[in-house]
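Pasted below: structure_8.cif, mmCIF, C-alpha atoms.
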data_structure
loop_
_atom_site.label_atom_id
_atom_site.label_comp_id
_atom_site.auth_asym_id
_atom_site.auth_seq_id
_atom_site.Cartn_x
_atom_site.Cartn_y
_atom_site.Cartn_z
CA MET L 1 13.43 0.17 13.31
CA ASP L 2 11.65 0.21 16.65
CA GLU L 3 10.09 3.46 17.79
CA LYS L 4 12.45 3.63 20.77
CA ASP L 5 15.33 3.87 18.26
CA ILE L 6 13.85 6.97 16.58
CA PRO L 7 14.98 10.36 17.91
CA LYS L 8 12.20 11.96 19.95
CA ASN L 9 12.03 15.02 17.70
CA LEU L 10 11.35 12.78 14.68
CA ARG L 11 8.65 10.61 16.24
CA GLU L 12 5.04 11.07 15.22
CA GLU L 13 2.99 13.03 17.70
CA GLU L 14 0.60 10.69 19.47
CA GLU L 15 -2.96 11.91 19.19
CA LYS L 16 -5.22 11.54 22.20
CA PRO L 17 -8.60 9.87 21.64
CA SER L 18 -11.41 12.38 21.21
CA GLU L 19 -14.10 12.74 23.87
CA GLU L 20 -16.58 11.36 21.35
CA THR L 21 -14.47 8.20 20.94
CA LYS L 22 -14.09 7.83 24.72
CA ILE L 23 -17.85 8.14 25.24
CA LEU L 24 -18.51 5.63 22.46
CA ILE L 25 -16.12 3.05 23.93
CA SER L 26 -17.56 3.47 27.42
CA SER L 27 -21.03 2.69 26.06
CA LEU L 28 -20.08 -0.52 24.25
CA PRO L 29 -20.75 -4.04 25.56
CA TRP L 30 -17.59 -5.94 26.47
CA GLU L 31 -16.31 -9.41 27.30
CA ILE L 32 -13.05 -10.89 28.58
CA ASP L 33 -11.15 -12.96 26.01
CA TYR L 34 -8.78 -15.93 26.38
CA LEU L 35 -5.90 -13.56 27.17
CA GLY L 36 -7.78 -12.01 30.04
CA ASN L 37 -8.17 -8.77 28.09
CA LYS L 38 -11.30 -6.67 27.73
CA LEU L 39 -12.74 -6.67 24.20
CA PHE L 40 -15.47 -4.26 23.10
CA ASN L 41 -18.21 -5.12 20.61
CA TYR L 42 -18.49 -2.43 17.95
CA GLU L 43 -20.85 -2.96 15.01
CA GLY L 44 -20.74 -6.73 15.46
CA TYR L 45 -16.96 -7.21 15.86
CA TRP L 46 -14.70 -7.42 18.89
CA TYR L 47 -11.85 -4.94 19.37
CA SER L 48 -9.36 -4.01 22.04
CA GLU L 49 -9.67 -0.44 23.26
CA ASP L 50 -6.57 0.80 21.48
CA ILE L 51 -7.48 -0.76 18.12
CA LEU L 52 -10.94 0.75 18.49
CA GLN L 53 -9.24 4.12 18.82
CA SER L 54 -7.38 3.52 15.55
CA ILE L 55 -10.62 3.25 13.55
CA PRO L 56 -11.43 7.01 13.64
CA ASN L 57 -7.81 7.68 12.65
CA ILE L 58 -8.19 5.36 9.66
CA HIS L 59 -11.50 6.98 8.72
CA THR L 60 -10.09 10.49 8.77
CA GLY L 61 -6.50 9.91 7.74
CA PHE L 62 -6.28 6.96 5.36
CA GLN L 63 -6.72 8.06 1.76
CA PRO L 64 -6.54 5.01 -0.50
CA GLN L 65 -5.21 5.34 -4.01
CA GLU L 66 -6.60 3.24 -6.84
CA THR L 67 -3.25 1.52 -7.19
CA ASP L 68 -3.02 0.57 -3.50
CA ILE L 69 -3.13 -3.06 -2.42
CA ILE L 70 -4.53 -4.08 0.97
CA LEU L 71 -3.67 -7.57 2.22
CA ALA L 72 -6.35 -8.68 4.64
CA SER L 73 -6.51 -11.71 6.90
CA PHE L 74 -7.60 -12.98 10.26
CA TYR L 75 -4.43 -13.31 12.34
CA LYS L 76 -2.35 -16.49 11.96
CA SER L 77 -3.92 -17.27 8.58
CA GLY L 78 -0.92 -16.91 6.26
CA THR L 79 -0.37 -13.17 6.60
CA THR L 80 3.43 -13.32 6.58
CA TRP L 81 3.50 -15.54 3.49
CA LEU L 82 0.99 -13.36 1.62
CA LYS L 83 3.00 -10.22 2.40
CA ALA L 84 6.19 -11.78 1.07
CA LEU L 85 4.55 -13.18 -2.07
CA THR L 86 2.75 -9.94 -2.93
CA PHE L 87 5.79 -7.73 -2.39
CA ALA L 88 7.98 -10.04 -4.50
CA LEU L 89 5.35 -10.08 -7.26
CA VAL L 90 4.63 -6.37 -7.58
CA GLN L 91 8.25 -5.28 -7.09
CA ARG L 92 9.95 -7.89 -9.29
CA SER L 93 10.81 -5.33 -11.97
CA LYS L 94 12.56 -3.21 -9.33
CA HIS L 95 14.05 -5.97 -7.16
CA SER L 96 15.49 -8.89 -9.08
CA LEU L 97 14.45 -12.26 -7.69
CA GLU L 98 18.09 -13.34 -7.84
CA ASP L 99 19.47 -10.24 -6.12
CA HIS L 100 21.28 -11.07 -2.88
CA GLN L 101 20.23 -7.63 -1.66
CA HIS L 102 16.52 -8.32 -2.16
CA PRO L 103 14.57 -6.64 0.68
CA LEU L 104 13.03 -9.97 1.73
CA LEU L 105 16.51 -11.29 2.44
CA HIS L 106 17.23 -8.43 4.84
CA HIS L 107 13.85 -7.50 6.31
CA ASN L 108 10.97 -9.35 7.91
CA PRO L 109 7.83 -9.13 5.70
CA HIS L 110 6.05 -7.28 8.53
CA GLU L 111 8.73 -4.59 8.42
CA ILE L 112 8.07 -4.14 4.71
CA VAL L 113 4.26 -4.16 4.60
CA PRO L 114 2.71 -2.13 7.46
CA ASN L 115 -0.51 -2.98 9.25
CA LEU L 116 -3.06 -0.18 9.04
CA GLU L 117 -4.48 -0.40 12.57
CA LEU L 118 -1.25 -1.33 14.39
CA ASP L 119 1.74 0.12 12.55
CA LEU L 120 0.21 3.25 11.05
CA TYR L 121 -3.03 4.56 12.55
CA LEU L 122 -2.86 3.24 16.10
CA LYS L 123 -1.58 6.52 17.49
CA SER L 124 -2.09 9.05 14.73
CA SER L 125 -4.34 9.99 11.83
CA LYS L 126 -1.28 11.31 9.98
CA PRO L 127 1.37 8.57 10.15
CA ASP L 128 4.73 8.69 8.45
CA LEU L 129 4.27 6.30 5.54
CA THR L 130 7.90 6.63 4.50
CA LYS L 131 9.00 4.49 7.45
CA PHE L 132 7.90 1.40 5.53
CA LEU L 133 9.39 0.27 2.24
CA SER L 134 6.09 -0.65 0.59
CA SER L 135 3.88 2.21 1.80
CA SER L 136 6.03 5.14 0.72
CA SER L 137 5.34 7.18 -2.40
CA SER L 138 6.19 4.38 -4.83
CA SER L 139 3.28 2.68 -6.56
CA PRO L 140 1.66 0.35 -5.78
CA ARG L 141 1.59 0.95 -2.06
CA LEU L 142 1.06 -2.15 0.08
CA PHE L 143 -0.83 -2.25 3.37
CA SER L 144 -2.21 -5.00 5.55
CA THR L 145 -5.03 -5.35 8.06
CA HIS L 146 -6.51 -7.89 10.45
CA MET L 147 -9.80 -6.01 10.57
CA SER L 148 -12.94 -7.15 8.81
CA LEU L 149 -14.04 -5.28 5.71
CA ASP L 150 -16.71 -3.32 7.60
CA PRO L 151 -14.52 -0.63 9.28
CA LEU L 152 -12.64 -0.09 6.01
CA GLN L 153 -15.78 0.83 4.09
CA VAL L 154 -15.53 4.52 5.01
CA PRO L 155 -12.13 5.27 3.40
CA LEU L 156 -12.81 2.86 0.55
CA LYS L 157 -15.92 4.80 -0.51
CA GLU L 158 -13.75 7.48 -2.09
CA ASN L 159 -11.23 5.24 -3.85
CA LEU L 160 -11.65 1.49 -4.00
CA CYS L 161 -8.30 -0.25 -4.34
CA LYS L 162 -7.31 -3.91 -4.72
CA ILE L 163 -7.94 -6.08 -1.67
CA VAL L 164 -6.56 -9.61 -1.25
CA TYR L 165 -7.96 -11.75 1.55
CA VAL L 166 -6.40 -15.02 2.66
CA CYS L 167 -8.55 -17.40 4.67
CA ARG L 168 -7.40 -20.47 6.62
CA ASN L 169 -9.19 -23.38 8.28
CA VAL L 170 -10.24 -22.12 11.70
CA LYS L 171 -8.86 -25.22 13.46
CA ASP L 172 -5.36 -24.53 12.14
CA VAL L 173 -5.78 -20.85 13.01
CA MET L 174 -6.53 -21.70 16.64
CA VAL L 175 -3.52 -24.01 16.97
CA SER L 176 -1.28 -21.43 15.30
CA VAL L 177 -2.53 -18.69 17.65
CA TRP L 178 -1.86 -20.96 20.64
CA CYS L 179 1.69 -21.77 19.54
CA PHE L 180 2.43 -18.14 18.65
CA LEU L 181 1.29 -16.88 22.05
CA ASN L 182 3.35 -19.44 23.91
CA ALA L 183 6.40 -18.51 21.85
CA ASN L 184 5.92 -14.89 22.95
CA LYS L 185 4.82 -15.19 26.56
CA GLY L 186 6.67 -12.00 27.50
CA VAL L 187 4.45 -9.79 25.33
CA ASP L 188 1.69 -7.72 26.90
CA TRP L 189 -1.09 -8.31 24.37
CA GLY L 190 -3.44 -6.06 26.31
CA ASP L 191 -1.80 -2.83 25.17
CA PHE L 192 -0.65 -2.44 21.57
CA ARG L 193 0.46 1.14 22.21
CA GLN L 194 3.25 0.06 24.53
CA SER L 195 6.29 -2.17 24.00
CA LYS L 196 6.59 -3.33 27.60
CA LYS L 197 7.38 -6.91 28.48
CA ILE L 198 5.62 -8.98 31.12
CA THR L 199 6.62 -12.05 33.11
CA ARG L 200 4.41 -15.07 32.48
CA ALA L 201 5.39 -18.56 33.55
CA GLU L 202 2.35 -20.60 32.60
CA ASP L 203 1.45 -21.56 29.04
CA TYR L 204 -1.62 -20.20 27.33
CA SER L 205 -4.46 -22.70 27.15
CA LEU L 206 -5.63 -24.16 23.84
CA GLU L 207 -8.95 -24.98 25.50
CA ALA L 208 -9.51 -21.34 26.48
CA ILE L 209 -8.65 -20.16 22.97
CA PHE L 210 -11.00 -22.77 21.54
CA GLU L 211 -13.94 -21.66 23.71
CA SER L 212 -13.39 -17.99 22.83
CA PHE L 213 -13.38 -18.84 19.10
CA CYS L 214 -16.54 -20.91 19.49
CA ASN L 215 -18.22 -17.99 21.27
CA GLY L 216 -16.98 -15.56 18.63
CA VAL L 217 -15.29 -13.40 21.28
CA THR L 218 -11.83 -12.96 19.78
CA LEU L 219 -9.95 -9.90 18.61
CA HIS L 220 -11.45 -8.94 15.22
CA GLY L 221 -13.90 -11.82 15.53
CA PRO L 222 -16.22 -13.57 15.14
CA PHE L 223 -13.99 -15.53 12.78
CA TRP L 224 -16.86 -16.52 10.45
CA ASP L 225 -18.21 -12.98 10.07
CA HIS L 226 -14.68 -11.75 9.36
CA ALA L 227 -14.27 -14.23 6.50
CA LEU L 228 -17.78 -13.63 5.19
CA SER L 229 -17.24 -9.87 4.93
CA TYR L 230 -14.46 -10.38 2.36
CA TRP L 231 -16.13 -13.39 0.75
CA ARG L 232 -19.17 -11.28 -0.07
CA GLY L 233 -16.92 -8.51 -1.33
CA SER L 234 -15.27 -10.95 -3.74
CA LEU L 235 -18.66 -12.10 -5.03
CA GLU L 236 -19.98 -8.59 -5.51
CA ASP L 237 -16.83 -7.01 -6.94
CA PRO L 238 -14.27 -9.57 -8.20
CA LYS L 239 -12.34 -6.78 -9.92
CA HIS L 240 -11.31 -5.32 -6.56
CA PHE L 241 -11.53 -8.31 -4.19
CA LEU L 242 -9.61 -11.56 -4.40
CA PHE L 243 -10.49 -14.30 -1.91
CA MET L 244 -7.71 -16.83 -1.44
CA ARG L 245 -7.50 -19.97 0.69
CA TYR L 246 -4.32 -20.85 2.53
CA GLU L 247 -4.91 -24.51 1.76
CA ASP L 248 -5.05 -23.79 -1.99
CA LEU L 249 -1.78 -21.86 -1.76
CA LYS L 250 -0.17 -24.88 -0.13
CA ALA L 251 -1.68 -27.42 -2.56
CA GLU L 252 -1.24 -25.47 -5.82
CA PRO L 253 1.30 -22.70 -5.17
CA ARG L 254 2.18 -22.04 -8.83
CA THR L 255 -1.47 -21.79 -9.89
CA GLN L 256 -2.37 -19.54 -6.97
CA VAL L 257 0.61 -17.21 -7.37
CA LYS L 258 -0.20 -16.77 -11.06
CA ARG L 259 -3.82 -16.08 -10.07
CA LEU L 260 -2.62 -13.46 -7.58
CA ALA L 261 -0.38 -11.85 -10.21
CA GLU L 262 -3.27 -11.65 -12.70
CA PHE L 263 -5.51 -10.03 -10.10
CA LEU L 264 -2.84 -7.46 -9.22
CA ASP L 265 -2.41 -6.53 -12.90
CA CYS L 266 1.16 -7.81 -13.02
CA PRO L 267 0.78 -11.15 -14.81
CA PHE L 268 3.80 -13.23 -15.71
CA THR L 269 4.94 -12.89 -19.29
CA LYS L 270 5.76 -15.98 -21.33
CA GLU L 271 9.43 -15.07 -21.04
CA GLU L 272 9.15 -14.90 -17.24
CA GLU L 273 7.40 -18.25 -17.06
CA ASP L 274 9.96 -19.84 -19.36
CA SER L 275 12.79 -18.46 -17.24
CA GLY L 276 11.26 -19.88 -14.04
CA SER L 277 10.17 -16.62 -12.41
CA VAL L 278 7.15 -18.24 -10.75
CA ASP L 279 9.30 -20.86 -9.07
CA LYS L 280 11.89 -18.25 -8.10
CA ILE L 281 9.24 -16.23 -6.27
CA LEU L 282 7.94 -19.32 -4.52
CA GLU L 283 11.45 -20.24 -3.42
CA LEU L 284 12.27 -16.72 -2.26
CA CYS L 285 9.07 -16.58 -0.22
CA SER L 286 9.10 -20.17 1.02
CA LEU L 287 8.87 -20.82 4.73
CA SER L 288 12.22 -22.57 4.76
CA ASN L 289 13.96 -19.68 2.97
CA LEU L 290 12.40 -16.92 5.05
CA ARG L 291 13.12 -18.86 8.22
CA SER L 292 16.82 -19.01 7.26
CA VAL L 293 17.15 -15.25 6.74
CA GLU L 294 19.41 -13.93 9.48
CA ILE L 295 17.09 -11.19 10.70
CA ASN L 296 14.23 -13.69 11.01
CA LYS L 297 16.42 -15.98 13.12
CA THR L 298 17.81 -13.40 15.51
CA ARG L 299 15.79 -10.18 15.51
CA THR L 300 13.24 -9.33 18.16
CA SER L 301 10.89 -6.47 17.43
CA SER L 302 9.36 -4.34 20.15
CA ARG L 303 6.70 -7.02 20.56
CA VAL L 304 7.64 -10.45 19.20
CA ASP L 305 10.51 -12.67 18.12
CA PHE L 306 10.62 -12.74 14.33
CA LYS L 307 11.36 -16.46 14.33
CA SER L 308 7.92 -17.13 15.81
CA TYR L 309 6.33 -16.06 12.52
CA PHE L 310 7.83 -19.13 10.86
CA ARG L 311 6.68 -22.29 12.61
CA LYS L 312 5.31 -25.16 10.52
CA GLY L 313 2.83 -23.66 8.09
CA GLN L 314 1.21 -27.06 7.73
CA VAL L 315 -2.33 -27.82 6.66
CA GLY L 316 -4.12 -30.01 9.18
CA ASP L 317 -1.69 -29.50 12.06
CA TRP L 318 -4.76 -29.26 14.31
CA LYS L 319 -5.10 -33.04 14.15
CA SER L 320 -2.17 -33.34 16.55
CA TYR L 321 -3.74 -31.13 19.21
CA MET L 322 -7.54 -31.10 19.11
CA THR L 323 -9.84 -33.73 20.56
CA PRO L 324 -12.64 -35.28 18.46
CA GLU L 325 -15.17 -33.43 20.64
CA MET L 326 -13.50 -30.09 19.91
CA VAL L 327 -13.42 -30.84 16.18
CA ASP L 328 -17.11 -31.79 16.09
CA LYS L 329 -18.13 -28.68 18.01
CA ILE L 330 -16.26 -26.14 15.89
CA ASP L 331 -17.19 -27.89 12.63
CA MET L 332 -20.90 -27.69 13.54
CA ILE L 333 -20.60 -24.01 14.44
CA ILE L 334 -18.78 -23.11 11.22
CA GLU L 335 -21.25 -25.09 9.09
CA GLU L 336 -24.15 -23.27 10.71
CA LYS L 337 -22.58 -19.80 10.45
CA LEU L 338 -21.61 -20.21 6.79
CA LYS L 339 -24.87 -21.86 5.70
CA GLY L 340 -26.20 -20.41 2.46
CA SER L 341 -23.14 -18.22 1.83
CA GLY L 342 -21.39 -20.52 -0.63
CA LEU L 343 -18.21 -20.30 1.43
CA LYS L 344 -16.76 -23.61 2.57
CA PHE L 345 -13.48 -24.69 4.14
#
Produce structure tokens that represent the structure in this file.
Amino acid sequence: MDEKDIPKNLREEEEKPSEETKILISSLPWEIDYLGNKLFNYEGYWYSEDILQSIPNIHTGFQPQETDIILASFYKSGTTWLKALTFALVQRSKHSLEDHQHPLLHHNPHEIVPNLELDLYLKSSKPDLTKFLSSSSSSPRLFSTHMSLDPLQVPLKENLCKIVYVCRNVKDVMVSVWCFLNANKGVDWGDFRQSKKITRAEDYSLEAIFESFCNGVTLHGPFWDHALSYWRGSLEDPKHFLFMRYEDLKAEPRTQVKRLAEFLDCPFTKEEEDSGSVDKILELCSLSNLRSVEINKTRTSSRVDFKSYFRKGQVGDWKSYMTPEMVDKIDMIIEEKLKGSGLKF
């Protein structure tokens, strides 16, 4: 349900940013990104002004429970797929994988698993968690984020929950971002608090996106620091952090889904494996199946067309769009930034 569809008396009260937050933002260095929007550098990462304002709300309002699951990713890295897979896994005792009324057959995964900084704490430190199927009182609660691990450290100090991070080759991320933006040219990406549409005739430029990624000036970027924050978490605390690669999910889906289930303390029983439960989850959450769901074909949220979340999902699609010079440049940057970390794409 879009916010405009909610009666005014039932909407959450929007909290105004504190003077302290306003002063902080005004003091931060900023750059213009490939969208023409102003991004502010806060503790090494780039944020839009409104997402920056959500961080204090998360710090004061988000109270993780030990059974919570946070699905983290840089945008366009397999977020939609991970949300669907995780929900199907942890709720399979409640929602049969063969049920024609399964929530994933009637809701977009982003309607089911809310984003902390956009869906919940963008406007309020006390959001209504019951608006989302997977964040209500039932356990485990599911949340997602596109932020790095750093701004989440404050609420996680009290109760550390399970965190799953999916990482994707940066070249495919850039191409996916480019295609996604051009499929939603009417969205005003400069203001996440509003649902207004804009008129834009020209396509977004892959070259401009590429240069911003290379410079590290992207929303929630730099890309490499974002990935490294969760990579280090997984090395230091593998009980609470699982680092997954999109390419591994594509190459070995059964192995990776079983690995995800083990990490989330809901492993498949022998009976489930014998009855084909792993394959049923993979089919339910497959790109082709989710793309065919009616709501994903026809529904437009307040910001984007749902169908734009389901493009190709291919590994190596960048080869059709990037020049050899672009490939060499970004590969050299990534190799340098990840040197000594043990993380490789």
I'd like to see the residues matched by the PyMOL selection byres ((chain L and resi 40-48) around 10) on this file, and ideally I'd get them as an NGL selection string. :L and (24-33 or 37-39 or 49-53 or 147-148 or 150-151 or 189-192 or 216-223 or 225-226)
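Distances to Ala208 (chain L) were evaluated for L:Ile112, L:Val175, L:Leu129, L:Val315 using only C-alpha atoms, and the minimum falls at L:Val175.
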Please evaluate the PyMOL selection byres ((chain L and resi 113) around 9) against the displayed coordinates and give the resulting residues as JSON, numbers by chain. {"L": [71, 83, 84, 87, 109, 110, 111, 112, 114, 115, 132, 133, 134, 135, 141, 142, 143, 144]}
Show me the residues around (1.6, -1.2, -7.9) - criterion: an atom at most 12 Å away, only C-alpha atoms counted - as a VMD selection string. chain L and resid 65 to 70 86 to 94 134 to 143 161 to 162 261 263 to 266
At what distance in Å, to one decimal, does CA of Val164 (chain L) lie from CA of Ala72 (chain L)? 6.0 Å
As an exercise, work out the distance from CA of Val154 (chain L) to CA of Arg259 (chain L) in Å and give it to one decimal place.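 Atom-to-atom, CA of Val154 (chain L) to CA of Arg259 (chain L), that is 28.1 Å.
Going from CA of Asn182 (chain L) over to CA of Ser205 (chain L), you cover 9.1 Å.
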With distances taken over all atoms listed in the file, the candidate from L:Glu247, L:Leu290, L:Met174, L:Pro127 nearest Ser212 (chain L) is L:Met174
Any chance you could build region 267-278 of chain L out to all heavy atoms and write it as an mmCIF file, keeping the file's coordinate frame?
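And here's out_14.cif as it stands now:
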data_model
loop_
_atom_site.group_PDB
_atom_site.id
_atom_site.type_symbol
_atom_site.label_atom_id
_atom_site.label_comp_id
_atom_site.auth_asym_id
_atom_site.auth_seq_id
_atom_site.Cartn_x
_atom_site.Cartn_y
_atom_site.Cartn_z
ATOM 1 N N PRO L 267 0.667 -9.739 -14.419
ATOM 2 C CA PRO L 267 0.780 -11.150 -14.810
ATOM 3 C C PRO L 267 2.176 -11.496 -15.307
ATOM 4 O O PRO L 267 2.934 -10.625 -15.765
ATOM 5 C CB PRO L 267 -0.252 -11.280 -15.924
ATOM 6 C CG PRO L 267 -0.344 -9.902 -16.513
ATOM 7 C CD PRO L 267 -0.185 -8.975 -15.345
ATOM 8 N N PHE L 268 2.511 -12.762 -15.212
ATOM 9 C CA PHE L 268 3.800 -13.230 -15.710
ATOM 10 C C PHE L 268 3.778 -13.282 -17.231
ATOM 11 O O PHE L 268 2.816 -13.776 -17.836
ATOM 12 C CB PHE L 268 4.104 -14.626 -15.158
ATOM 13 C CG PHE L 268 4.399 -14.655 -13.686
ATOM 14 C CD1 PHE L 268 3.397 -14.962 -12.776
ATOM 15 C CD2 PHE L 268 5.666 -14.356 -13.203
ATOM 16 C CE1 PHE L 268 3.652 -14.989 -11.408
ATOM 17 C CE2 PHE L 268 5.943 -14.373 -11.844
ATOM 18 C CZ PHE L 268 4.928 -14.696 -10.940
ATOM 19 N N THR L 269 4.814 -12.770 -17.853
ATOM 20 C CA THR L 269 4.940 -12.890 -19.290
ATOM 21 C C THR L 269 5.401 -14.301 -19.632
ATOM 22 O O THR L 269 5.864 -15.053 -18.757
ATOM 23 C CB THR L 269 5.969 -11.878 -19.836
ATOM 24 O OG1 THR L 269 7.268 -12.209 -19.297
ATOM 25 C CG2 THR L 269 5.600 -10.455 -19.434
ATOM 26 N N LYS L 270 5.290 -14.652 -20.903
ATOM 27 C CA LYS L 270 5.760 -15.980 -21.330
ATOM 28 C C LYS L 270 7.254 -16.121 -21.046
ATOM 29 O O LYS L 270 7.722 -17.186 -20.631
ATOM 30 C CB LYS L 270 5.472 -16.196 -22.803
ATOM 31 C CG LYS L 270 5.832 -17.604 -23.295
ATOM 32 C CD LYS L 270 5.506 -17.783 -24.757
ATOM 33 C CE LYS L 270 5.768 -19.215 -25.195
ATOM 34 N NZ LYS L 270 7.154 -19.659 -24.932
ATOM 35 N N GLU L 271 7.986 -15.039 -21.279
ATOM 36 C CA GLU L 271 9.430 -15.070 -21.040
ATOM 37 C C GLU L 271 9.727 -15.331 -19.553
ATOM 38 O O GLU L 271 10.645 -16.088 -19.217
ATOM 39 C CB GLU L 271 10.065 -13.746 -21.472
ATOM 40 C CG GLU L 271 10.081 -13.500 -22.970
ATOM 41 C CD GLU L 271 8.713 -13.122 -23.522
ATOM 42 O OE1 GLU L 271 7.838 -12.693 -22.728
ATOM 43 O OE2 GLU L 271 8.521 -13.268 -24.750
ATOM 44 N N GLU L 272 8.949 -14.697 -18.679
ATOM 45 C CA GLU L 272 9.150 -14.900 -17.240
ATOM 46 C C GLU L 272 8.831 -16.348 -16.853
ATOM 47 O O GLU L 272 9.567 -16.971 -16.068
ATOM 48 C CB GLU L 272 8.252 -13.949 -16.449
ATOM 49 C CG GLU L 272 8.750 -12.515 -16.395
ATOM 50 C CD GLU L 272 7.866 -11.635 -15.538
ATOM 51 O OE1 GLU L 272 6.632 -11.635 -15.756
ATOM 52 O OE2 GLU L 272 8.393 -10.960 -14.637
ATOM 53 N N GLU L 273 7.755 -16.862 -17.391
ATOM 54 C CA GLU L 273 7.400 -18.250 -17.060
ATOM 55 C C GLU L 273 8.459 -19.213 -17.572
ATOM 56 O O GLU L 273 8.839 -20.164 -16.877
ATOM 57 C CB GLU L 273 6.025 -18.601 -17.641
ATOM 58 C CG GLU L 273 4.873 -17.872 -16.949
ATOM 59 C CD GLU L 273 3.567 -18.637 -17.072
ATOM 60 O OE1 GLU L 273 3.573 -19.874 -16.886
ATOM 61 O OE2 GLU L 273 2.542 -17.997 -17.387
ATOM 62 N N ASP L 274 8.931 -18.952 -18.787
ATOM 63 C CA ASP L 274 9.960 -19.840 -19.360
ATOM 64 C C ASP L 274 11.271 -19.771 -18.571
ATOM 65 O O ASP L 274 12.019 -20.755 -18.503
ATOM 66 C CB ASP L 274 10.231 -19.459 -20.827
ATOM 67 C CG ASP L 274 9.052 -19.801 -21.738
ATOM 68 O OD1 ASP L 274 8.193 -20.604 -21.307
ATOM 69 O OD2 ASP L 274 8.996 -19.264 -22.859
ATOM 70 N N SER L 275 11.538 -18.617 -17.986
ATOM 71 C CA SER L 275 12.790 -18.460 -17.240
ATOM 72 C C SER L 275 12.669 -18.897 -15.779
ATOM 73 O O SER L 275 13.627 -18.798 -15.013
ATOM 74 C CB SER L 275 13.255 -16.998 -17.291
ATOM 75 O OG SER L 275 12.354 -16.155 -16.595
ATOM 76 N N GLY L 276 11.451 -19.354 -15.394
ATOM 77 C CA GLY L 276 11.260 -19.880 -14.040
ATOM 78 C C GLY L 276 10.963 -18.852 -12.983
ATOM 79 O O GLY L 276 11.185 -19.105 -11.787
ATOM 80 N N SER L 277 10.424 -17.684 -13.377
ATOM 81 C CA SER L 277 10.170 -16.620 -12.410
ATOM 82 C C SER L 277 9.155 -17.026 -11.333
ATOM 83 O O SER L 277 9.275 -16.621 -10.166
ATOM 84 C CB SER L 277 9.676 -15.355 -13.123
ATOM 85 O OG SER L 277 10.709 -14.762 -13.876
ATOM 86 N N VAL L 278 8.156 -17.813 -11.721
ATOM 87 C CA VAL L 278 7.150 -18.240 -10.750
ATOM 88 C C VAL L 278 7.803 -19.058 -9.638
ATOM 89 O O VAL L 278 7.589 -18.819 -8.443
ATOM 90 C CB VAL L 278 6.026 -19.050 -11.420
ATOM 91 C CG1 VAL L 278 4.990 -19.488 -10.376
ATOM 92 C CG2 VAL L 278 5.354 -18.236 -12.520
#
